[in-house]
>>> print(open('target-v7.cif').read())   # mmCIF, C-alpha atoms
data_coords
#
loop_
_atom_site.group_PDB
_atom_site.id
_atom_site.type_symbol
_atom_site.label_atom_id
_atom_site.label_comp_id
_atom_site.auth_asym_id
_atom_site.auth_seq_id
_atom_site.Cartn_x
_atom_site.Cartn_y
_atom_site.Cartn_z
ATOM 1 C CA MET F 504 37.385 -178.311 104.591
ATOM 2 C CA VAL F 505 34.923 -178.986 101.795
ATOM 3 C CA ASN F 506 36.461 -180.778 98.841
ATOM 4 C CA LEU F 507 35.559 -180.738 95.178
ATOM 5 C CA LEU F 508 34.323 -184.307 95.148
ATOM 6 C CA ALA F 509 31.756 -183.491 97.841
ATOM 7 C CA LEU F 510 30.656 -180.313 96.009
ATOM 8 C CA ALA F 511 30.176 -182.262 92.770
ATOM 9 C CA ALA F 512 28.289 -185.164 94.353
ATOM 10 C CA ASP F 513 24.925 -184.111 92.852
ATOM 11 C CA LEU F 514 26.239 -184.066 89.270
ATOM 12 C CA PRO F 515 25.515 -186.991 86.952
ATOM 13 C CA GLN F 516 28.093 -189.762 86.864
ATOM 14 C CA VAL F 517 29.628 -191.063 83.648
ATOM 15 C CA GLN F 518 31.561 -194.323 83.386
ATOM 16 C CA PHE F 519 34.472 -194.829 80.991
ATOM 17 C CA GLU F 520 36.070 -198.094 79.921
ATOM 18 C CA PRO F 521 39.846 -198.247 79.388
ATOM 19 C CA GLY F 522 40.750 -196.494 76.123
ATOM 20 C CA ALA F 523 37.700 -194.216 76.115
ATOM 21 C CA THR F 524 38.378 -190.523 75.447
ATOM 22 C CA VAL F 525 37.010 -188.056 78.005
ATOM 23 C CA VAL F 526 38.060 -184.893 76.125
ATOM 24 C CA ARG F 527 39.990 -184.467 72.889
ATOM 25 C CA GLU F 528 42.684 -181.872 72.291
ATOM 26 C CA HIS F 529 41.417 -178.954 70.141
ATOM 27 C CA ASP F 530 37.726 -179.812 70.644
ATOM 28 C CA VAL F 531 35.466 -176.991 71.831
ATOM 29 C CA ALA F 532 35.394 -176.940 75.618
ATOM 30 C CA GLY F 533 32.171 -176.802 77.558
ATOM 31 C CA GLY F 534 31.942 -179.524 80.128
ATOM 32 C CA LEU F 535 33.701 -179.858 83.446
ATOM 33 C CA TRP F 536 34.697 -183.295 84.697
ATOM 34 C CA VAL F 537 35.466 -184.377 88.281
ATOM 35 C CA LEU F 538 37.273 -187.683 88.810
ATOM 36 C CA VAL F 539 35.492 -190.035 91.215
ATOM 37 C CA SER F 540 37.641 -193.125 90.642
ATOM 38 C CA GLY F 541 39.950 -194.599 88.044
ATOM 39 C CA ARG F 542 43.028 -193.510 86.113
ATOM 40 C CA LEU F 543 43.292 -190.933 83.355
ATOM 41 C CA GLU F 544 46.153 -190.238 80.963
ATOM 42 C CA VAL F 545 46.690 -186.653 79.775
ATOM 43 C CA ARG F 546 48.296 -186.325 76.331
ATOM 44 C CA LYS F 547 49.556 -183.333 74.343
ATOM 45 C CA GLY F 548 49.741 -184.666 70.823
ATOM 46 C CA GLU F 549 51.472 -188.028 71.163
ATOM 47 C CA VAL F 550 53.277 -187.095 74.396
ATOM 48 C CA VAL F 551 51.911 -188.425 77.678
ATOM 49 C CA VAL F 552 52.059 -185.455 80.061
ATOM 50 C CA THR F 553 50.751 -187.063 83.243
ATOM 51 C CA THR F 554 48.460 -189.620 84.799
ATOM 52 C CA VAL F 555 45.577 -188.406 86.976
ATOM 53 C CA THR F 556 44.364 -190.669 89.779
ATOM 54 C CA LYS F 557 43.330 -188.398 92.670
ATOM 55 C CA PRO F 558 39.572 -188.377 93.335
ATOM 56 C CA GLY F 559 38.310 -184.813 92.973
ATOM 57 C CA ALA F 560 40.753 -183.945 90.183
ATOM 58 C CA LEU F 561 39.292 -181.678 87.500
ATOM 59 C CA ILE F 562 39.363 -182.026 83.749
ATOM 60 C CA GLY F 563 38.520 -179.041 81.535
ATOM 61 C CA GLU F 564 38.869 -176.187 84.040
ATOM 62 C CA ILE F 565 41.685 -174.373 82.237
ATOM 63 C CA SER F 566 39.849 -174.380 78.916
ATOM 64 C CA LEU F 567 36.702 -173.089 80.591
ATOM 65 C CA LEU F 568 38.503 -170.310 82.461
ATOM 66 C CA LEU F 569 40.429 -169.194 79.359
ATOM 67 C CA ASN F 570 37.484 -169.720 76.990
ATOM 68 C CA ARG F 571 39.663 -171.895 74.743
ATOM 69 C CA ARG F 572 39.470 -175.304 73.184
ATOM 70 C CA TYR F 573 40.728 -178.269 75.186
ATOM 71 C CA SER F 574 44.531 -178.141 75.307
ATOM 72 C CA ALA F 575 45.061 -181.876 75.791
ATOM 73 C CA THR F 576 43.434 -185.240 75.212
ATOM 74 C CA VAL F 577 42.362 -187.140 78.319
ATOM 75 C CA VAL F 578 41.854 -190.910 78.057
ATOM 76 C CA ALA F 579 40.678 -193.417 80.654
ATOM 77 C CA ILE F 580 43.366 -196.068 81.229
ATOM 78 C CA SER F 581 41.349 -198.095 83.729
ATOM 79 C CA PRO F 582 37.629 -198.312 84.437
ATOM 80 C CA THR F 583 36.866 -194.721 85.436
ATOM 81 C CA VAL F 584 33.910 -192.890 86.977
ATOM 82 C CA MET F 585 33.526 -189.118 86.702
ATOM 83 C CA HIS F 586 30.966 -186.486 87.634
ATOM 84 C CA TYR F 587 30.029 -184.305 84.668
ATOM 85 C CA ALA F 588 28.729 -180.736 84.443
ATOM 86 C CA ALA F 589 27.622 -180.197 80.831
ATOM 87 C CA ASP F 590 27.775 -176.405 81.268
ATOM 88 C CA GLY F 591 31.023 -176.154 83.181
ATOM 89 C CA ALA F 592 31.238 -172.362 82.916
ATOM 90 C CA ALA F 593 27.803 -171.951 84.512
ATOM 91 C CA MET F 594 28.807 -174.333 87.275
ATOM 92 C CA LEU F 595 31.952 -172.315 88.013
ATOM 93 C CA ASP F 596 30.038 -169.028 87.864
ATOM 94 C CA SER F 597 27.316 -170.183 90.253
ATOM 95 C CA HIS F 598 29.457 -171.974 92.857
ATOM 96 C CA PRO F 599 32.052 -169.709 94.502
ATOM 97 C CA ALA F 600 33.318 -172.580 96.669
ATOM 98 C CA ILE F 601 34.096 -174.627 93.545
ATOM 99 C CA MET F 602 35.743 -171.639 91.864
ATOM 100 C CA ARG F 603 37.884 -171.121 94.978
ATOM 101 C CA LEU F 604 39.031 -174.757 94.922
ATOM 102 C CA VAL F 605 39.826 -174.459 91.205
ATOM 103 C CA ALA F 606 41.876 -171.303 91.856
ATOM 104 C CA GLU F 607 43.722 -172.959 94.747
ATOM 105 C CA GLY F 608 44.484 -176.018 92.612
ATOM 106 C CA LEU F 609 45.803 -173.926 89.718
ATOM 107 C CA ALA F 610 47.867 -171.750 92.085
ATOM 108 C CA ASP F 611 49.374 -174.870 93.647
ATOM 109 C CA ARG F 612 50.286 -176.269 90.219
ATOM 110 C CA LEU F 613 51.813 -172.946 89.134
ATOM 111 C CA SER F 614 53.843 -172.759 92.348
ATOM 112 C CA PHE F 615 55.124 -176.301 91.809
ATOM 113 C CA VAL F 616 56.145 -175.615 88.191
ATOM 114 C CA THR F 617 57.837 -172.328 89.099
ATOM 115 C CA THR F 618 59.772 -173.984 91.940
ATOM 116 C CA TYR F 619 60.796 -176.855 89.666
ATOM 117 C CA LEU F 620 62.016 -174.518 86.925
ATOM 118 C CA ALA F 621 63.931 -172.393 89.431
ATOM 119 C CA ASP F 622 65.563 -175.556 90.776
ATOM 120 C CA LEU F 623 66.547 -176.607 87.244
ATOM 121 C CA LYS F 624 68.111 -173.195 86.670
ATOM 122 C CA HIS F 625 69.940 -173.374 90.000
ATOM 123 C CA GLN F 626 71.322 -176.862 89.300
ATOM 124 C CA TYR F 627 72.152 -176.577 85.619
ATOM 125 C CA GLY F 628 72.291 -172.853 84.792
ATOM 126 C CA ASP F 629 72.045 -172.309 81.068
ATOM 127 C CA ALA F 630 73.219 -175.785 80.054
ATOM 128 C CA PRO F 631 72.371 -176.791 76.495
ATOM 129 C CA GLY F 632 68.685 -177.553 76.225
ATOM 130 C CA LEU F 633 67.840 -175.605 79.388
ATOM 131 C CA ALA F 634 68.686 -172.078 78.268
ATOM 132 C CA MET F 635 64.989 -171.308 77.825
ATOM 133 C CA VAL F 636 64.222 -171.872 81.533
ATOM 134 C CA SER F 637 64.980 -168.202 82.318
ATOM 135 C CA GLU F 638 62.544 -167.090 79.627
ATOM 136 C CA VAL F 639 59.837 -169.450 80.889
ATOM 137 C CA LEU F 640 60.279 -168.172 84.461
ATOM 138 C CA ARG F 641 60.059 -164.564 83.221
ATOM 139 C CA GLU F 642 56.878 -165.327 81.273
ATOM 140 C CA LEU F 643 55.320 -167.011 84.308
ATOM 141 C CA ALA F 644 56.128 -164.013 86.482
ATOM 142 C CA GLU F 645 55.161 -161.270 84.038
ATOM 143 C CA HIS F 646 52.364 -162.726 81.921
ATOM 144 C CA GLN F 647 49.248 -160.594 82.066
ATOM 145 C CA PRO F 648 45.959 -160.916 80.232
ATOM 146 C CA PRO F 649 45.394 -158.439 77.413
ATOM 147 C CA PRO F 650 44.441 -154.986 78.719
ATOM 148 C CA ALA F 651 40.766 -154.127 78.845
ATOM 149 C CA ARG F 652 39.612 -151.855 76.054
ATOM 150 C CA PRO F 653 36.836 -149.316 76.275
ATOM 151 C CA GLY F 654 33.845 -149.767 74.035
ATOM 152 C CA SER F 655 31.272 -152.362 73.190
ATOM 153 C CA LEU F 656 29.707 -153.925 70.138
ATOM 154 C CA ARG F 657 27.118 -151.161 70.204
ATOM 155 C CA ASP F 658 29.698 -148.341 70.524
ATOM 156 C CA PRO F 659 33.193 -149.627 69.602
ATOM 157 C CA GLU F 660 34.749 -146.134 69.674
ATOM 158 C CA PRO F 661 33.381 -144.394 72.799
ATOM 159 C CA ASP F 662 34.396 -140.785 73.619
ATOM 160 C CA TYR F 663 35.894 -141.710 76.982
#
>>> encode(input="target-v7.cif", output="structure tokens")
Amino acid sequence: MVNLLALAADLPQVQFEPGATVVREHDVAGGLWVLVSGRLEVRKGEVVVTTVTKPGALIGEISLLLNRRYSATVVAISPTVMHYAADGAAMLDSHPAIMRLVAEGLADRLSFVTTYLADLKHQYGDAPGLAMVSEVLRELAEHQPPPARPGSLRDPEPDY
């Protein structure tokens, strides 16, 4: 099986010293980062969400796919080397194998979160502080992108 690190091998490498910011929450997304080596800390506001250490891990893929600003700050916490695609969207669009690996990675993460939340609900029911788990599970199961609308900038109100 081809892995993301192998597919990104031709991209330029960037080195980060401990404390250096890779991406900043709320900044405009554009680049796609692939971890070669090192340790990264992912932060939402002041909360540390996770540490990323697996070579081939991606940074920025969700923002690119959703066409949104970065949703977290990512900081190197050890000397870190990453491959960098300055136009991450173009890279995803032109490499189906990379897009497939991104989709598989996101599906795996969604499956893990859904299983974890279901386990919380099973163990603790609607205990104080966990009552929203049912709502989160429903949103995960039912969330759909906005419906497509007919029209274009040229003809915003078509007859069809």
>>> closest_residue(input="target-v7.cif", among="F:Ala606, F:Leu510, F:Val584, F:Val526", to="Lys547 in chain F", atoms="only C-alpha atoms")
F:Val526
>>> residues_around(input="target-v7.cif", residues="range 617-622 of chain F", least_positions_apart="5", cutoff="12 Å", atoms="only C-alpha atoms", output="VMD selection string")
chain F and resid 610 to 612 627 to 629 633 to 644
>>> atom_distance(input="target-v7.cif", atom1="CA of Gly522 in chain F", atom2="CA of Leu507 in chain F")
25.3 Å
>>> residues_around(input="target-v7.cif", residues="Ser540 in chain F", least_positions_apart="2", cutoff="8 Å", atoms="all atoms listed in the file", output="ChimeraX atom specification")
/F:538,542,556-558,583-585
>>> write_last_selection(input="target-v7.cif", atoms="C-alpha atoms", output="compact mmCIF listing (two decimals), in the frame of the given file")
# COMPACT_ATOMS: atom_id res chain seq x y z
CA LEU F 538 37.27 -187.68 88.81
CA ARG F 542 43.03 -193.51 86.11
CA THR F 556 44.36 -190.67 89.78
CA LYS F 557 43.33 -188.40 92.67
CA PRO F 558 39.57 -188.38 93.34
CA THR F 583 36.87 -194.72 85.44
CA VAL F 584 33.91 -192.89 86.98
CA MET F 585 33.53 -189.12 86.70
>>> resolve_selection(input="target-v7.cif", expression="the PyMOL selection byres ((chain F and resi 572) around 12)", output="list in words")
Val526, Arg527, Glu528, His529, Asp530, Val531, Ala532, Gly533, Gly534, Gly563, Glu564, Ile565, Ser566, Leu567, Leu568, Leu569, Asn570, Arg571, Tyr573, Ser574, Ala575 and Thr576 of chain F
>>> write_last_selection(input="target-v7.cif", atoms="C-alpha atoms", output="short mmCIF file (atom, residue, chain, number, x, y, z; two decimals), keeping the file's coordinate frame")
data_model
loop_
_atom_site.label_atom_id
_atom_site.label_comp_id
_atom_site.auth_asym_id
_atom_site.auth_seq_id
_atom_site.Cartn_x
_atom_site.Cartn_y
_atom_site.Cartn_z
CA VAL F 526 38.06 -184.89 76.12
CA ARG F 527 39.99 -184.47 72.89
CA GLU F 528 42.68 -181.87 72.29
CA HIS F 529 41.42 -178.95 70.14
CA ASP F 530 37.73 -179.81 70.64
CA VAL F 531 35.47 -176.99 71.83
CA ALA F 532 35.39 -176.94 75.62
CA GLY F 533 32.17 -176.80 77.56
CA GLY F 534 31.94 -179.52 80.13
CA GLY F 563 38.52 -179.04 81.54
CA GLU F 564 38.87 -176.19 84.04
CA ILE F 565 41.68 -174.37 82.24
CA SER F 566 39.85 -174.38 78.92
CA LEU F 567 36.70 -173.09 80.59
CA LEU F 568 38.50 -170.31 82.46
CA LEU F 569 40.43 -169.19 79.36
CA ASN F 570 37.48 -169.72 76.99
CA ARG F 571 39.66 -171.90 74.74
CA TYR F 573 40.73 -178.27 75.19
CA SER F 574 44.53 -178.14 75.31
CA ALA F 575 45.06 -181.88 75.79
CA THR F 576 43.43 -185.24 75.21
#
>>> resolve_selection(input="target-v7.cif", expression="the PyMOL selection byres ((chain F and resi 586) around 7)", output="compact mmCIF listing (two decimals) with C-alpha atoms, in the coordinates of the input")
# COMPACT_ATOMS: atom_id res chain seq x y z
CA ALA F 511 30.18 -182.26 92.77
CA LEU F 514 26.24 -184.07 89.27
CA PRO F 515 25.52 -186.99 86.95
CA GLN F 516 28.09 -189.76 86.86
CA VAL F 517 29.63 -191.06 83.65
CA TRP F 536 34.70 -183.30 84.70
CA VAL F 537 35.47 -184.38 88.28
CA LEU F 538 37.27 -187.68 88.81
CA VAL F 539 35.49 -190.04 91.22
CA MET F 585 33.53 -189.12 86.70
CA TYR F 587 30.03 -184.30 84.67
CA ALA F 588 28.73 -180.74 84.44
>>> resolve_selection(input="target-v7.cif", expression="the PyMOL selection byres ((chain F and resi 602) around 12)", output="VMD selection string")
chain F and resid 506 to 507 510 535 561 564 to 565 567 to 568 591 to 601 603 to 609
>>> atom_distance(input="target-v7.cif", atom1="CA of Glu549 in chain F", atom2="CA of Pro521 in chain F")
17.5 Å
>>> closest_residue(input="target-v7.cif", among="F:Leu623, F:Ala523, F:Val550, F:Ala512", to="Val578 in chain F", atoms="all atoms listed in the file")
F:Ala523
>>> atom_distance(input="target-v7.cif", atom1="CA of Leu613 in chain F", atom2="CA of Ala589 in chain F")
26.6 Å
>>> build_atoms(input="target-v7.cif", residues="range 620-631 of chain F", atoms="N, CA and C atoms", output="compact mmCIF listing (two decimals), in the coordinates of the input")
# COMPACT_ATOMS: atom_id res chain seq x y z
N LEU F 620 61.19 -175.21 87.92
CA LEU F 620 62.02 -174.52 86.92
C LEU F 620 63.15 -173.74 87.58
N ALA F 621 62.87 -173.11 88.71
CA ALA F 621 63.93 -172.39 89.43
C ALA F 621 65.01 -173.37 89.90
N ASP F 622 64.60 -174.55 90.35
CA ASP F 622 65.56 -175.56 90.78
C ASP F 622 66.41 -176.04 89.60
N LEU F 623 65.79 -176.24 88.44
CA LEU F 623 66.55 -176.61 87.24
C LEU F 623 67.59 -175.55 86.92
N LYS F 624 67.19 -174.29 86.97
CA LYS F 624 68.11 -173.20 86.67
C LYS F 624 69.25 -173.17 87.68
N HIS F 625 68.92 -173.37 88.95
CA HIS F 625 69.94 -173.37 90.00
C HIS F 625 70.94 -174.52 89.79
N GLN F 626 70.45 -175.70 89.45
CA GLN F 626 71.32 -176.86 89.30
C GLN F 626 72.13 -176.85 88.01
N TYR F 627 71.51 -176.41 86.92
CA TYR F 627 72.15 -176.58 85.62
C TYR F 627 72.44 -175.28 84.88
N GLY F 628 72.03 -174.14 85.44
CA GLY F 628 72.29 -172.85 84.79
C GLY F 628 71.69 -172.81 83.41
N ASP F 629 72.50 -172.39 82.46
CA ASP F 629 72.04 -172.31 81.07
C ASP F 629 72.65 -173.43 80.23
N ALA F 630 72.70 -174.63 80.79
CA ALA F 630 73.22 -175.78 80.05
C ALA F 630 72.44 -175.97 78.76
N PRO F 631 73.09 -176.56 77.76
CA PRO F 631 72.37 -176.79 76.50
C PRO F 631 71.03 -177.50 76.73
